[in-house]
Amino acid sequence: MKWPIHLLRGTFAMVAFIGPIWTASASAKVAPQRAGQEQSIARCIKQASLGRAWLEKTLWGLRDQEAGWIGAQVPNTNGSHDLGPLQINSWWVPRIAGLIDQPERSVRYWLRYDPCFGAEAARWIFLSALEATGDYWAAVGIYHSPTSWRQRRYSASVAVHLVRRFGSDVFVQARRN
C-alpha cells in the first residue's frame, strides 16, 4: 500500500527510532539490503527539506542520530516502538493518523516501510517544535523526548552528527542559508 503523499506534502513530517531486534544471523542477511536503502532515504530527506539546505542538514542530523532503517520497529522500555529510518516513536502514530485522516495501522506501516513518509513526518515533528519554541536546539531535542534533560543530551549528540557529516563550519553555513 502506497501512502497518499498529496495529503502530506507541505504539511507534515515526524520522528521515531529503530526497528526490530535482530539476531546476528538476521543482521548478516539485512546488512547489504540496508546499505542499498541509503540512496532511497537520501532522496526522501532531500524531498522533505523543500529545498532548504538548513532543514536538509537537520534531517540528516536526526537520521544519523537515530540510525534506523526501512522496516525498523525497535521496542522501547515504555512499550512504544521506534519506527523506520528516522525512528519515529509510535506515540506519534495516532496524532499523524488524525492529522491526515488515515487509519493508525496504515500510518504505522508507512512510518516503517516508506522512507519518504518518515522523512515528511520527521520534518513535521521538528518544524512543529521549532514553531512552538522558536529555538532550533530545543526543537531538535523535542524530536526525541518531552523531558528537558533528555532533550539537551539528544541535541548535543545531533550536533556531533552534523559536524561529522558536514564539517565543523556547518553552523556558520547554517546562518547564511
# chains A, B, ... in the order shown; residues from 1 in each chain; ligands from 1
call {"tool": "closest_atom_pairs", "arguments": {"of": "region 98-163 of chain A", "to": "region 41-50 of chain A", "cutoff": "6 Å", "atoms": "only C-alpha atoms", "output": "CSV"}}
result
residue,atom,partner,partner_atom,distance
A:Pro115,CA,A:Ile41,CA,5.6
A:Cys116,CA,A:Cys44,CA,4.6
A:Ala119,CA,A:Ile45,CA,5.6
A:Glu120,CA,A:Ala48,CA,5.3
call {"tool": "atom_distance", "arguments": {"atom1": "CA of Leu86 (chain A)", "atom2": "CA of Ala67 (chain A)"}}
result
7.0 Å
call {"tool": "closest_residue", "arguments": {"among": "A:Tyr154, A:Phe166, A:Tyr113, A:Trp137", "to": "Gln73 (chain A)", "atoms": "only C-alpha atoms"}}
result
A:Tyr113
call {"tool": "residues_around", "arguments": {"residues": "region 79-85 of chain A", "least_positions_apart": "6", "cutoff": "8 Å", "atoms": "only C-alpha atoms", "output": "PyMOL selection string"}}
result
chain A and resi 16-19+41+63+66-73+91+108+111-115+118
call {"tool": "atom_distance", "arguments": {"atom1": "CA of Val93 (chain A)", "atom2": "CA of Pro146 (chain A)"}}
result
16.1 Å
call {"tool": "select_by_dssp", "arguments": {"residues": "region 7-165 of chain A", "states": "helix (DSSP H, G or I)", "output": "PyMOL selection string"}}
result
chain A and resi 7-8+24-48+53-66+90-100+104-113+115-133+136-144+148-165
call {"tool": "atom_distance", "arguments": {"atom1": "CA of Ser90 (chain A)", "atom2": "CA of Ala156 (chain A)"}}
result
23.5 Å
call {"tool": "residues_around", "arguments": {"residues": "Gly141 (chain A)", "least_positions_apart": "4", "cutoff": "10 Å", "atoms": "only C-alpha atoms", "output": "PyMOL selection string"}}
result
chain A and resi 62+126+129+136-137+145-158
call {"tool": "residues_around", "arguments": {"residues": "Gly61 (chain A)", "least_positions_apart": "3", "cutoff": "8 Å", "atoms": "only C-alpha atoms", "output": "list in words"}}
result
Lys57, Thr58, Asp64, Gln65, Val158, Ala159, His161 and Leu162 of chain A
